[in-house]
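Coordinates from target_33.cif are shown below (mmCIF, C-alpha atoms).
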data_work
#
loop_
_atom_site.label_atom_id
_atom_site.label_comp_id
_atom_site.auth_asym_id
_atom_site.auth_seq_id
_atom_site.Cartn_x
_atom_site.Cartn_y
_atom_site.Cartn_z
CA MET Y 1 -7.59 -105.73 176.26
CA SER Y 2 -10.12 -103.75 174.27
CA LEU Y 3 -9.92 -102.66 170.66
CA SER Y 4 -9.52 -98.95 170.33
CA LEU Y 5 -8.78 -96.33 167.73
CA SER Y 6 -6.96 -93.63 169.62
CA ALA Y 7 -3.65 -91.90 169.65
CA ARG Y 8 -2.18 -92.44 173.12
CA LEU Y 9 -2.96 -89.52 175.41
CA PHE Y 10 -1.70 -88.62 178.84
CA GLY Y 11 -4.50 -87.03 180.87
CA VAL Y 12 -3.71 -84.63 183.67
CA LEU Y 13 -5.95 -82.11 185.37
CA LEU Y 14 -8.16 -81.97 182.27
CA LEU Y 15 -5.02 -82.35 180.14
CA GLY Y 16 -4.97 -84.38 176.94
CA LEU Y 17 -1.36 -85.02 176.06
CA PRO Y 18 -0.46 -86.82 172.81
CA VAL Y 19 2.81 -88.70 172.88
CA GLY Y 20 5.25 -88.03 170.09
CA GLN Y 21 8.98 -88.40 169.68
CA THR Y 22 11.06 -88.64 172.81
CA ALA Y 23 14.36 -87.15 173.79
CA ALA Y 24 16.77 -87.24 176.70
CA ALA Y 25 15.30 -85.93 179.93
CA ALA Y 26 16.28 -82.40 180.82
CA PRO Y 27 17.83 -82.03 184.28
CA ALA Y 28 15.58 -80.59 186.96
CA ALA Y 29 16.28 -76.95 187.74
CA ASN Y 30 16.77 -77.60 191.47
CA VAL Y 31 19.45 -80.33 191.24
CA SER Y 32 22.15 -79.51 193.78
CA ALA Y 33 25.87 -79.23 192.99
CA ALA Y 34 26.54 -82.10 195.39
CA ALA Y 35 24.14 -84.34 193.48
CA VAL Y 36 25.85 -83.48 190.20
CA ALA Y 37 29.27 -84.22 191.68
CA ALA Y 38 28.02 -87.57 192.96
CA GLY Y 39 27.22 -88.69 189.41
CA PRO Y 40 24.00 -89.97 187.90
CA ALA Y 41 21.38 -91.41 190.24
CA ARG Y 42 21.01 -95.18 190.28
CA PRO Y 43 17.81 -97.15 190.90
CA GLY Y 44 17.29 -99.05 194.12
CA PRO Y 45 16.92 -102.84 193.91
CA VAL Y 46 13.10 -102.71 193.83
CA GLN Y 47 13.07 -100.06 191.09
CA ALA Y 48 15.70 -101.97 189.11
CA ARG Y 49 13.62 -105.16 189.12
CA LEU Y 50 10.52 -103.22 188.13
CA ASN Y 51 12.42 -101.48 185.35
CA GLN Y 52 13.42 -104.85 183.95
CA ARG Y 53 9.89 -106.27 184.10
CA VAL Y 54 8.34 -103.22 182.44
CA PHE Y 55 10.92 -103.00 179.67
CA ASP Y 56 10.88 -106.72 178.90
CA ARG Y 57 7.07 -106.78 178.79
CA VAL Y 58 6.94 -103.86 176.34
CA TRP Y 59 9.67 -105.29 174.12
CA ASP Y 60 8.06 -108.73 174.01
CA GLU Y 61 4.55 -107.37 173.32
CA VAL Y 62 5.87 -105.49 170.29
CA ARG Y 63 7.79 -108.53 169.06
CA ARG Y 64 4.77 -110.85 169.33
CA GLY Y 65 1.79 -108.59 168.75
CA TYR Y 66 2.56 -105.56 166.56
CA TYR Y 67 0.31 -105.49 163.50
CA ASP Y 68 3.25 -105.40 161.08
CA PRO Y 69 5.35 -108.56 161.63
CA THR Y 70 8.33 -106.82 160.00
CA LEU Y 71 8.07 -103.95 162.53
CA HIS Y 72 8.49 -101.52 159.62
CA GLY Y 73 11.98 -102.89 159.11
CA VAL Y 74 13.19 -102.04 162.62
CA ASP Y 75 15.81 -104.44 164.04
CA TRP Y 76 14.00 -105.12 167.30
CA ARG Y 77 16.81 -107.19 168.82
CA ALA Y 78 19.24 -104.34 168.19
CA ALA Y 79 16.72 -101.98 169.81
CA ARG Y 80 16.67 -104.21 172.89
CA ALA Y 81 20.45 -104.19 173.10
CA GLN Y 82 20.50 -100.39 172.82
CA PHE Y 83 17.70 -99.44 175.21
CA ARG Y 84 17.52 -102.20 177.81
CA PRO Y 85 20.67 -101.12 179.72
CA GLN Y 86 19.31 -97.57 179.82
CA ALA Y 87 15.93 -98.77 181.11
CA LEU Y 88 17.46 -100.94 183.82
CA ALA Y 89 19.58 -98.00 184.99
CA ALA Y 90 16.62 -95.56 185.11
CA PRO Y 91 16.42 -94.08 188.63
CA ASP Y 92 12.72 -93.24 188.51
CA GLU Y 93 9.44 -93.60 186.62
CA ARG Y 94 10.01 -90.60 184.38
CA SER Y 95 13.42 -91.79 183.21
CA LEU Y 96 12.18 -95.34 182.61
CA TYR Y 97 9.23 -94.32 180.46
CA ARG Y 98 11.31 -91.89 178.44
CA VAL Y 99 13.63 -94.75 177.52
CA VAL Y 100 10.74 -97.09 176.72
CA ASN Y 101 9.00 -94.47 174.55
CA ALA Y 102 12.26 -93.65 172.78
CA MET Y 103 12.42 -97.30 171.75
CA LEU Y 104 8.76 -97.35 170.68
CA ASP Y 105 9.36 -94.23 168.57
CA LEU Y 106 11.49 -96.39 166.26
CA LEU Y 107 8.21 -97.81 164.95
CA ASP Y 108 7.14 -94.34 163.72
CA ASP Y 109 3.62 -95.05 164.96
CA GLY Y 110 1.63 -92.42 166.86
CA HIS Y 111 -0.28 -95.13 168.74
CA ALA Y 112 2.74 -97.02 170.04
CA ALA Y 113 3.45 -95.54 173.47
CA ALA Y 114 3.77 -96.44 177.12
CA SER Y 115 1.94 -94.41 179.77
CA PRO Y 116 3.43 -94.27 183.29
CA PRO Y 117 1.21 -95.17 186.27
CA ALA Y 118 0.48 -91.53 187.21
CA ALA Y 119 -0.76 -90.82 183.67
CA VAL Y 120 -2.94 -93.94 183.73
CA ARG Y 121 -4.54 -92.82 187.00
CA ARG Y 122 -5.30 -89.39 185.56
CA GLN Y 123 -6.66 -90.83 182.34
CA GLU Y 124 -9.02 -93.10 184.25
CA ALA Y 125 -10.23 -90.11 186.31
CA GLN Y 126 -10.46 -87.78 183.31
CA PHE Y 127 -14.23 -87.39 183.55
CA ALA Y 128 -14.48 -87.57 187.34
CA ARG Y 129 -14.92 -84.83 189.93
CA ARG Y 130 -11.37 -84.04 191.01
CA ALA Y 131 -8.73 -81.41 191.71
CA VAL Y 132 -7.58 -79.64 188.55
CA MET Y 133 -5.59 -76.65 187.37
CA GLY Y 134 -7.86 -76.44 184.34
CA LEU Y 135 -5.25 -76.72 181.59
CA THR Y 136 -5.18 -78.83 178.46
CA LEU Y 137 -1.66 -79.26 177.08
CA MET Y 138 -0.58 -80.36 173.63
CA ARG Y 139 2.68 -82.25 173.29
CA GLY Y 140 5.31 -80.88 170.88
CA ALA Y 141 8.45 -82.37 169.35
CA THR Y 142 10.20 -83.34 172.60
CA PRO Y 143 9.13 -84.65 176.04
CA ASP Y 144 9.60 -81.17 177.52
CA ASP Y 145 7.73 -79.25 174.79
CA TRP Y 146 4.14 -78.48 175.84
CA THR Y 147 1.72 -75.78 174.70
CA VAL Y 148 -1.49 -74.68 176.41
CA GLU Y 149 -4.28 -75.92 174.14
CA ARG Y 150 -7.32 -75.07 176.27
CA ILE Y 151 -8.24 -73.25 179.47
CA ARG Y 152 -11.26 -74.50 181.38
CA PRO Y 153 -13.71 -71.68 182.17
CA GLY Y 154 -13.85 -70.86 185.86
CA SER Y 155 -10.68 -72.84 186.61
CA PRO Y 156 -7.64 -71.86 188.70
CA ALA Y 157 -5.59 -71.55 185.49
CA GLU Y 158 -8.04 -69.00 184.09
CA ALA Y 159 -7.99 -67.05 187.35
CA ALA Y 160 -4.16 -67.01 187.24
CA GLY Y 161 -4.20 -65.45 183.76
CA VAL Y 162 -2.70 -68.36 181.83
CA GLN Y 163 -3.45 -68.03 178.10
CA ILE Y 164 -4.06 -70.45 175.23
CA GLY Y 165 -0.94 -70.74 173.06
CA TRP Y 166 1.62 -70.19 175.82
CA ALA Y 167 4.41 -72.74 176.15
CA LEU Y 168 4.74 -74.45 179.55
CA ASN Y 169 8.43 -74.54 180.53
CA SER Y 170 8.35 -75.89 184.07
CA VAL Y 171 6.19 -76.83 187.05
CA ASP Y 172 7.82 -76.07 190.42
CA GLY Y 173 11.20 -75.78 188.71
CA ARG Y 174 10.94 -79.07 186.85
CA PRO Y 175 9.95 -79.79 183.25
CA TRP Y 176 6.39 -81.03 183.10
CA GLY Y 177 5.96 -84.77 182.56
CA PRO Y 178 3.11 -87.26 182.83
CA ASP Y 179 4.53 -88.47 186.15
CA VAL Y 180 3.96 -85.05 187.80
CA GLU Y 181 1.01 -85.05 190.18
CA THR Y 182 -0.87 -82.11 191.71
CA PHE Y 183 -3.16 -81.98 194.73
CA ASP Y 184 -6.14 -80.02 195.92
CA GLY Y 185 -5.08 -76.79 197.65
CA ARG Y 186 -1.36 -77.27 197.03
CA PRO Y 187 -0.05 -74.35 194.89
CA VAL Y 188 2.22 -75.01 191.93
CA HIS Y 189 4.50 -72.47 190.29
CA LEU Y 190 4.37 -72.40 186.49
CA VAL Y 191 6.93 -70.80 184.20
CA LEU Y 192 5.62 -70.20 180.68
CA THR Y 193 6.58 -68.35 177.51
CA ASP Y 194 4.01 -66.31 175.60
CA GLU Y 195 3.74 -65.97 171.82
CA THR Y 196 6.16 -63.02 171.81
CA GLY Y 197 8.86 -64.97 173.65
CA GLN Y 198 8.27 -63.16 176.95
CA ARG Y 199 8.67 -65.15 180.17
CA ARG Y 200 5.45 -65.50 182.17
CA GLU Y 201 5.08 -66.84 185.69
CA ALA Y 202 1.90 -67.93 187.44
CA THR Y 203 1.02 -69.61 190.71
CA VAL Y 204 -1.95 -71.93 190.29
CA THR Y 205 -3.70 -73.67 193.17
CA PRO Y 206 -5.57 -76.80 191.99
CA ARG Y 207 -9.06 -77.21 193.34
CA VAL Y 208 -11.83 -79.76 193.02
CA MET Y 209 -14.17 -79.10 190.10
CA GLU Y 210 -17.11 -81.02 188.76
CA ALA Y 211 -16.50 -83.58 186.05
CA VAL Y 212 -16.12 -82.53 182.45
CA GLN Y 213 -18.80 -84.26 180.40
CA PRO Y 214 -17.38 -86.42 177.58
CA PHE Y 215 -20.46 -85.79 175.39
CA VAL Y 216 -22.47 -82.56 175.23
CA ALA Y 217 -25.53 -81.61 173.14
CA ASP Y 218 -25.76 -77.87 172.37
CA THR Y 219 -29.13 -76.57 171.14
CA SER Y 220 -28.38 -72.87 171.68
CA ARG Y 221 -28.40 -72.05 167.94
CA PRO Y 222 -31.75 -72.08 166.11
CA GLY Y 223 -32.06 -74.93 163.64
CA VAL Y 224 -28.72 -76.50 164.65
CA LEU Y 225 -27.82 -79.34 167.02
CA VAL Y 226 -24.12 -79.41 167.92
CA LEU Y 227 -22.89 -82.67 169.44
CA ARG Y 228 -19.52 -82.11 171.12
CA VAL Y 229 -17.58 -85.38 171.66
CA GLU Y 230 -14.42 -85.16 173.78
CA GLN Y 231 -13.47 -88.77 173.01
CA PHE Y 232 -15.07 -92.01 171.84
CA ASP Y 233 -15.78 -93.30 175.32
CA LYS Y 234 -18.12 -96.03 176.55
CA GLY Y 235 -21.80 -95.21 176.05
CA LEU Y 236 -21.33 -92.72 173.20
CA GLY Y 237 -23.51 -94.61 170.72
CA PRO Y 238 -26.63 -94.87 172.91
CA TRP Y 239 -26.14 -91.27 174.07
CA MET Y 240 -26.00 -90.05 170.48
CA GLY Y 241 -29.06 -92.10 169.54
CA SER Y 242 -30.94 -90.48 172.41
CA ALA Y 243 -29.76 -86.98 171.42
CA LEU Y 244 -31.02 -87.54 167.87
CA GLU Y 245 -34.34 -89.07 168.88
CA GLY Y 246 -37.33 -87.02 167.71
CA LEU Y 247 -35.13 -84.43 165.97
CA PRO Y 248 -37.18 -82.37 163.47
CA PRO Y 249 -36.07 -82.91 159.86
CA ASP Y 250 -35.22 -79.23 159.37
CA VAL Y 251 -32.54 -79.24 162.11
CA ASP Y 252 -28.92 -79.54 160.93
CA VAL Y 253 -26.55 -81.76 162.95
CA ILE Y 254 -22.91 -80.90 163.62
CA LEU Y 255 -20.47 -83.38 165.18
CA ASP Y 256 -17.65 -81.47 166.86
CA LEU Y 257 -14.60 -83.79 166.99
CA ARG Y 258 -11.92 -81.11 167.33
CA GLY Y 259 -9.16 -82.09 169.72
CA ASN Y 260 -10.71 -85.56 170.04
CA PRO Y 261 -7.96 -88.22 170.45
CA GLY Y 262 -10.20 -91.13 169.44
CA GLY Y 263 -11.16 -94.03 171.66
CA ARG Y 264 -13.15 -97.24 171.39
CA LEU Y 265 -13.67 -98.83 167.99
CA TRP Y 266 -17.14 -100.03 168.98
CA GLU Y 267 -18.27 -96.49 169.81
CA ALA Y 268 -17.01 -95.19 166.47
CA GLU Y 269 -18.98 -97.93 164.76
CA SER Y 270 -22.03 -96.99 166.82
CA VAL Y 271 -21.77 -93.32 165.83
CA LEU Y 272 -21.61 -94.28 162.17
CA THR Y 273 -24.64 -96.55 162.63
CA CYS Y 274 -26.60 -93.44 163.60
CA PHE Y 275 -25.97 -91.96 160.14
CA LEU Y 276 -25.33 -94.81 157.68
CA PRO Y 277 -27.65 -97.63 156.58
CA ARG Y 278 -27.31 -100.59 158.90
CA GLY Y 279 -24.87 -103.12 157.50
CA GLN Y 280 -23.13 -100.68 155.16
CA ALA Y 281 -19.36 -101.31 154.90
CA TRP Y 282 -17.24 -98.36 155.98
CA ALA Y 283 -13.72 -99.74 156.52
CA THR Y 284 -11.47 -102.79 156.52
CA ARG Y 285 -8.98 -103.77 159.21
CA THR Y 286 -6.11 -106.18 158.66
CA GLY Y 287 -4.22 -107.77 161.54
CA ARG Y 288 -0.79 -109.32 161.90
CA THR Y 289 -1.85 -112.53 160.17
CA GLY Y 290 -2.99 -110.66 157.08
CA ARG Y 291 -6.65 -111.59 157.54
CA ALA Y 292 -8.93 -108.74 156.45
CA VAL Y 293 -12.15 -107.98 158.33
CA VAL Y 294 -14.79 -105.68 156.84
CA LEU Y 295 -16.26 -103.22 159.35
CA ARG Y 296 -19.96 -102.45 158.92
CA ALA Y 297 -22.46 -100.04 160.44
CA ALA Y 298 -23.82 -102.45 163.02
CA GLY Y 299 -23.19 -100.63 166.30
CA ASP Y 300 -25.42 -99.43 169.12
CA CYS Y 301 -27.27 -96.19 168.30
CA GLY Y 302 -29.73 -96.62 171.14
CA ASP Y 303 -33.32 -97.24 170.07
CA ARG Y 304 -32.76 -95.97 166.53
CA ARG Y 305 -33.25 -98.56 163.80
CA ASP Y 306 -32.98 -96.24 160.79
CA PRO Y 307 -30.16 -93.80 160.03
CA LEU Y 308 -30.78 -90.12 160.60
CA ALA Y 309 -31.75 -88.28 157.42
CA ASN Y 310 -30.88 -84.74 158.60
CA PRO Y 311 -27.94 -82.87 157.02
CA VAL Y 312 -24.66 -83.49 158.86
CA ALA Y 313 -21.32 -81.70 159.18
CA VAL Y 314 -18.23 -82.81 161.11
CA LEU Y 315 -15.72 -80.38 162.66
CA VAL Y 316 -12.08 -81.54 162.76
CA ASP Y 317 -8.63 -80.08 163.37
CA GLN Y 318 -5.03 -81.22 163.78
CA GLY Y 319 -5.90 -82.64 167.20
CA SER Y 320 -8.57 -84.95 165.75
CA ARG Y 321 -7.06 -88.41 165.67
CA SER Y 322 -7.92 -92.05 165.11
CA ALA Y 323 -11.64 -92.65 165.69
CA ALA Y 324 -12.10 -88.89 165.27
CA GLU Y 325 -10.56 -89.28 161.80
CA LEU Y 326 -12.20 -92.49 160.62
CA THR Y 327 -15.65 -91.15 161.50
CA PRO Y 328 -15.49 -88.04 159.29
CA ALA Y 329 -13.67 -90.05 156.61
CA ALA Y 330 -16.45 -92.65 156.49
CA LEU Y 331 -19.20 -90.00 156.35
CA GLN Y 332 -17.29 -88.02 153.75
CA GLU Y 333 -16.68 -91.07 151.57
CA ALA Y 334 -20.33 -92.12 151.79
CA ARG Y 335 -21.35 -88.53 150.85
CA ARG Y 336 -23.26 -88.42 154.10
CA GLY Y 337 -21.55 -85.48 155.76
CA ILE Y 338 -19.56 -82.30 155.09
CA VAL Y 339 -16.16 -82.19 156.82
CA VAL Y 340 -15.12 -78.70 157.98
CA GLY Y 341 -11.94 -77.40 159.62
CA GLU Y 342 -8.31 -78.49 159.25
CA ARG Y 343 -6.53 -81.61 158.01
CA THR Y 344 -6.51 -84.21 160.79
CA GLY Y 345 -3.47 -85.76 162.48
CA GLY Y 346 -3.16 -88.93 160.38
CA SER Y 347 -2.92 -91.36 163.29
CA VAL Y 348 -5.39 -94.09 162.38
CA LEU Y 349 -4.54 -97.65 163.39
CA ILE Y 350 -6.45 -100.11 165.56
CA ALA Y 351 -4.76 -100.44 168.92
CA GLN Y 352 -5.05 -102.39 172.15
CA GLU Y 353 -3.99 -101.46 175.65
CA THR Y 354 -1.96 -103.80 177.85
CA ASN Y 355 -1.37 -103.27 181.57
CA LEU Y 356 2.26 -103.14 182.64
CA PRO Y 357 3.74 -104.58 185.88
CA ASP Y 358 4.10 -101.21 187.62
CA GLY Y 359 0.56 -99.98 186.85
CA GLY Y 360 1.55 -98.29 183.60
CA ARG Y 361 -0.04 -99.13 180.28
CA LEU Y 362 1.19 -99.97 176.80
CA THR Y 363 -0.83 -98.92 173.76
CA LEU Y 364 0.12 -100.83 170.63
CA SER Y 365 -1.26 -101.00 167.08
CA ARG Y 366 -2.68 -104.47 166.40
CA ALA Y 367 -4.32 -103.91 163.00
CA ASP Y 368 -4.03 -101.70 159.93
CA PHE Y 369 -7.00 -99.70 158.71
CA VAL Y 370 -8.28 -98.48 155.33
CA THR Y 371 -11.60 -96.89 154.39
CA SER Y 372 -14.18 -98.78 152.33
CA GLY Y 373 -12.82 -96.92 149.31
CA GLY Y 374 -9.29 -98.21 149.99
CA THR Y 375 -7.80 -95.02 151.45
CA ARG Y 376 -5.19 -95.48 154.17
CA LEU Y 377 -5.46 -92.51 156.54
CA GLU Y 378 -2.29 -93.25 158.54
CA LYS Y 379 0.24 -90.41 158.03
CA ARG Y 380 -2.26 -88.80 155.66
CA GLY Y 381 -5.27 -87.68 157.67
CA VAL Y 382 -8.63 -86.41 156.46
CA THR Y 383 -8.78 -83.38 154.19
CA PRO Y 384 -11.84 -81.22 154.97
CA ASP Y 385 -14.38 -80.34 152.30
CA VAL Y 386 -14.38 -76.80 153.68
CA ALA Y 387 -11.09 -75.44 155.04
CA ALA Y 388 -11.84 -73.28 158.07
CA PRO Y 389 -8.94 -73.06 160.55
CA ARG Y 390 -9.26 -71.36 163.93
CA THR Y 391 -6.43 -69.13 165.14
CA VAL Y 392 -5.12 -68.91 168.69
CA ILE Y 393 -6.44 -65.34 169.02
CA GLN Y 394 -9.89 -66.45 167.87
CA ARG Y 395 -9.89 -69.25 170.42
CA ARG Y 396 -8.85 -66.87 173.19
CA ASN Y 397 -11.68 -64.51 172.25
CA GLY Y 398 -14.24 -67.31 172.03
CA ASP Y 399 -14.74 -66.82 168.28
CA ASP Y 400 -15.45 -69.97 166.29
CA PRO Y 401 -15.16 -69.46 162.51
CA THR Y 402 -15.00 -73.24 162.00
CA LEU Y 403 -18.45 -73.74 163.48
CA GLU Y 404 -19.81 -70.75 161.59
CA ALA Y 405 -18.39 -72.14 158.33
CA ALA Y 406 -20.08 -75.48 158.99
CA ILE Y 407 -23.44 -73.82 159.63
CA ALA Y 408 -23.08 -71.78 156.44
CA ALA Y 409 -22.15 -74.87 154.40
CA LEU Y 410 -25.14 -76.82 155.71
CA ARG Y 411 -27.55 -73.97 155.01
CA ALA Y 412 -26.17 -73.59 151.48
CA SER Y 413 -26.65 -77.33 150.97
CA ASP Y 414 -30.22 -77.09 152.32
CA ARG Y 415 -31.00 -74.21 149.92
CA ALA Y 416 -29.57 -76.13 146.97
CA GLU Y 417 -31.60 -79.22 147.88
CA ASN Y 418 -34.81 -77.23 148.27
CA ALA Y 419 -34.20 -75.51 144.96
CA GLY Y 420 -33.71 -78.89 143.31
CA ARG Y 421 -37.00 -80.16 144.74
CA SER Y 422 -38.92 -77.06 143.62
CA SER Y 423 -37.58 -77.34 140.07
CA GLY Y 424 -38.44 -81.04 139.88
CA LEU Y 425 -34.83 -82.20 139.56
#

Write-out of the structure in structure tokens:
Amino acid sequence: MSLSLSARLFGVLLLGLPVGQTAAAAPAANVSAAAVAAGPARPGPVQARLNQRVFDRVWDEVRRGYYDPTLHGVDWRAARAQFRPQALAAPDERSLYRVVNAMLDLLDDGHAAASPPAAVRRQEAQFARRAVMGLTLMRGATPDDWTVERIRPGSPAEAAGVQIGWALNSVDGRPWGPDVETFDGRPVHLVLTDETGQRREATVTPRVMEAVQPFVADTSRPGVLVLRVEQFDKGLGPWMGSALEGLPPDVDVILDLRGNPGGRLWEAESVLTCFLPRGQAWATRTGRTGRAVVLRAAGDCGDRRDPLANPVAVLVDQGSRSAAELTPAALQEARRGIVVGERTGGSVLIAQETNLPDGGRLTLSRADFVTSGGTRLEKRGVTPDVAAPRTVIQRRNGDDPTLEAAIAALRASDRAENAGRSSGL
């Protein structure tokens, strides 16, 4: 198990899907009258045994390993009595994981979630060359509530006319879920609702596309280096150190962490090491035993030995979570960077992933987290220095007022600093 700082995401076809509260599964649209008359489906003997093993493993991991030994006051034995019969009776993967996640929701912790095997496979292939529709979905209040967050340029979804901000109602007549799989060349029928409430239908044929890069350096704007980080994945620190190597002092740096779900704690520490003095404290984590550990800027920023001196801004939004919250918080608190955008999600605990018997995965918070100044970001998030939200229409049109606001703030800061130097202050 590796330490991470990330809200649990379900990846699918370039989809990042945060898990929130669960609810009872909606019936599939194509269930026959005969099936309804026959009563609820029951699991076969193999599925029943697997259901038991998965549920018991999740329940026991929470009981033994959750960072808060009181489980936020939740009666965990009562939860077992309530949800275990439902889990054992689940006829399929989707039903099982809805029950398990409904139990985990009692903890009121955005990190505590179980990902079914299909979601794990997609997450592991997130940055691989594979068949995609080209959608990114954002999870809403229930398991069947999904909104199109992004459309990949040149993708089948773009060609089919799907738009950012539309709600996805069903895929081939069934509510979308992380257990749904799609295949190269096999069309899927989507039913959506646009922002006016109008029903929209689209047939999308997934096709193989090249991998999406988790880290991208954009030098297209004069005097500005934009470092787009999709998530805090392995190798981010050395990559960032390389991107910053030899950077002229008059170039402003912008870290774009919008929609970033977080990731590895080590990579977050490495990013901060690129900008803070080595050894500087930036946070404290406290585990189940109550032992506090101070986190310091001592990560891997490639060949860099000194922190970058260039002006820095960090872009965030409501989809920025965990490591993508602690990073701007640490830079903001150290007065090392300007945070621009929207208040972040407030999901900042240190989690570990545990493999489940059926190939699924449990993500569970193992330590609490506060900034070096004592601020607990959980349920609070990071408040930007410069509020600059981006509307759905602006995103559809490719306009980016958040980025423009960050550039303007950095240039204003540069002018103020130069004026201070010239006046001898």

Quiz item: Around (-0.4, -103.4, 187.1) in the file's own coordinates, what residues are found within 12 Å if you use all atoms listed in the file, given back as a PyMOL selection string?
Solution: chain Y and resi 50+53-54+57+115-118+120-121+354-362

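Nearest to Y:Asp218 of all the residues Y:Gln231, Y:Asp399, Y:Asp256, Y:Thr182 is Y:Asp256, based on all atoms listed in the file.
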
Quiz item: Written as a list of chain:residue names, which residues does the PyMOL selection byres ((chain Y and resi 165) around 7) give for the file shown?
Solution: Y:Thr147, Y:Val148, Y:Glu149, Y:Gln163, Y:Ile164, Y:Trp166, Y:Ala167, Y:Glu195, Y:Val392

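Taking only C-alpha atoms into account, Y:Leu272 lies nearest to Y:Ala334 out of the set Y:Val171, Y:Val293, Y:Ala334, Y:Leu227.
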
Practice problem: Find the spatial neighbours of stretch 93-108 of chain Y, counting all atoms listed in the file, within a cut-off of 10 Å - ignore same-chain residues fewer than 5 positions away - and output them as a ChimeraX atom specification. | Solution: /Y:19-25,47-48,50-52,54-56,58-59,62,66,68,71-76,79-80,82-88,113-118,143,177-180,358,360,362,364,379

Kindly save the residues from that selection, with C-alpha atoms included, as a PDB file, keeping the file's coordinate frame.
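Writing done, so here's again_18.pdb:
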ATOM      1  CA  VAL Y  19       2.810 -88.700 172.880  1.00  0.00           C
ATOM      2  CA  GLY Y  20       5.250 -88.030 170.090  1.00  0.00           C
ATOM      3  CA  GLN Y  21       8.980 -88.400 169.680  1.00  0.00           C
ATOM      4  CA  THR Y  22      11.060 -88.640 172.810  1.00  0.00           C
ATOM      5  CA  ALA Y  23      14.360 -87.150 173.790  1.00  0.00           C
ATOM      6  CA  ALA Y  24      16.770 -87.240 176.700  1.00  0.00           C
ATOM      7  CA  ALA Y  25      15.300 -85.930 179.930  1.00  0.00           C
ATOM      8  CA  GLN Y  47      13.070-100.060 191.090  1.00  0.00           C
ATOM      9  CA  ALA Y  48      15.700-101.970 189.110  1.00  0.00           C
ATOM     10  CA  LEU Y  50      10.520-103.220 188.130  1.00  0.00           C
ATOM     11  CA  ASN Y  51      12.420-101.480 185.350  1.00  0.00           C
ATOM     12  CA  GLN Y  52      13.420-104.850 183.950  1.00  0.00           C
ATOM     13  CA  VAL Y  54       8.340-103.220 182.440  1.00  0.00           C
ATOM     14  CA  PHE Y  55      10.920-103.000 179.670  1.00  0.00           C
ATOM     15  CA  ASP Y  56      10.880-106.720 178.900  1.00  0.00           C
ATOM     16  CA  VAL Y  58       6.940-103.860 176.340  1.00  0.00           C
ATOM     17  CA  TRP Y  59       9.670-105.290 174.120  1.00  0.00           C
ATOM     18  CA  VAL Y  62       5.870-105.490 170.290  1.00  0.00           C
ATOM     19  CA  TYR Y  66       2.560-105.560 166.560  1.00  0.00           C
ATOM     20  CA  ASP Y  68       3.250-105.400 161.080  1.00  0.00           C
ATOM     21  CA  LEU Y  71       8.070-103.950 162.530  1.00  0.00           C
ATOM     22  CA  HIS Y  72       8.490-101.520 159.620  1.00  0.00           C
ATOM     23  CA  GLY Y  73      11.980-102.890 159.110  1.00  0.00           C
ATOM     24  CA  VAL Y  74      13.190-102.040 162.620  1.00  0.00           C
ATOM     25  CA  ASP Y  75      15.810-104.440 164.040  1.00  0.00           C
ATOM     26  CA  TRP Y  76      14.000-105.120 167.300  1.00  0.00           C
ATOM     27  CA  ALA Y  79      16.720-101.980 169.810  1.00  0.00           C
ATOM     28  CA  ARG Y  80      16.670-104.210 172.890  1.00  0.00           C
ATOM     29  CA  GLN Y  82      20.500-100.390 172.820  1.00  0.00           C
ATOM     30  CA  PHE Y  83      17.700 -99.440 175.210  1.00  0.00           C
ATOM     31  CA  ARG Y  84      17.520-102.200 177.810  1.00  0.00           C
ATOM     32  CA  PRO Y  85      20.670-101.120 179.720  1.00  0.00           C
ATOM     33  CA  GLN Y  86      19.310 -97.570 179.820  1.00  0.00           C
ATOM     34  CA  ALA Y  87      15.930 -98.770 181.110  1.00  0.00           C
ATOM     35  CA  LEU Y  88      17.460-100.940 183.820  1.00  0.00           C
ATOM     36  CA  ALA Y 113       3.450 -95.540 173.470  1.00  0.00           C
ATOM     37  CA  ALA Y 114       3.770 -96.440 177.120  1.00  0.00           C
ATOM     38  CA  SER Y 115       1.940 -94.410 179.770  1.00  0.00           C
ATOM     39  CA  PRO Y 116       3.430 -94.270 183.290  1.00  0.00           C
ATOM     40  CA  PRO Y 117       1.210 -95.170 186.270  1.00  0.00           C
ATOM     41  CA  ALA Y 118       0.480 -91.530 187.210  1.00  0.00           C
ATOM     42  CA  PRO Y 143       9.130 -84.650 176.040  1.00  0.00           C
ATOM     43  CA  GLY Y 177       5.960 -84.770 182.560  1.00  0.00           C
ATOM     44  CA  PRO Y 178       3.110 -87.260 182.830  1.00  0.00           C
ATOM     45  CA  ASP Y 179       4.530 -88.470 186.150  1.00  0.00           C
ATOM     46  CA  VAL Y 180       3.960 -85.050 187.800  1.00  0.00           C
ATOM     47  CA  ASP Y 358       4.100-101.210 187.620  1.00  0.00           C
ATOM     48  CA  GLY Y 360       1.550 -98.290 183.600  1.00  0.00           C
ATOM     49  CA  LEU Y 362       1.190 -99.970 176.800  1.00  0.00           C
ATOM     50  CA  LEU Y 364       0.120-100.830 170.630  1.00  0.00           C
ATOM     51  CA  LYS Y 379       0.240 -90.410 158.030  1.00  0.00           C
TER      52      LYS Y 379
END

Quiz prompt | Selection near Y:Arg390, 10 Å with only C-alpha atoms, sequence-local residues under 3 positions removed, as an MDAnalysis selection string | solution = chainID Y and resid 317 341:342 387 393:395 399:403

Exercise. Return the single residue from Y:Glu378, Y:Asp306, Y:Glu353, Y:Glu158 that is closest to Y:Arg366, with distances computed using all atoms listed in the file.
Key: Y:Glu353
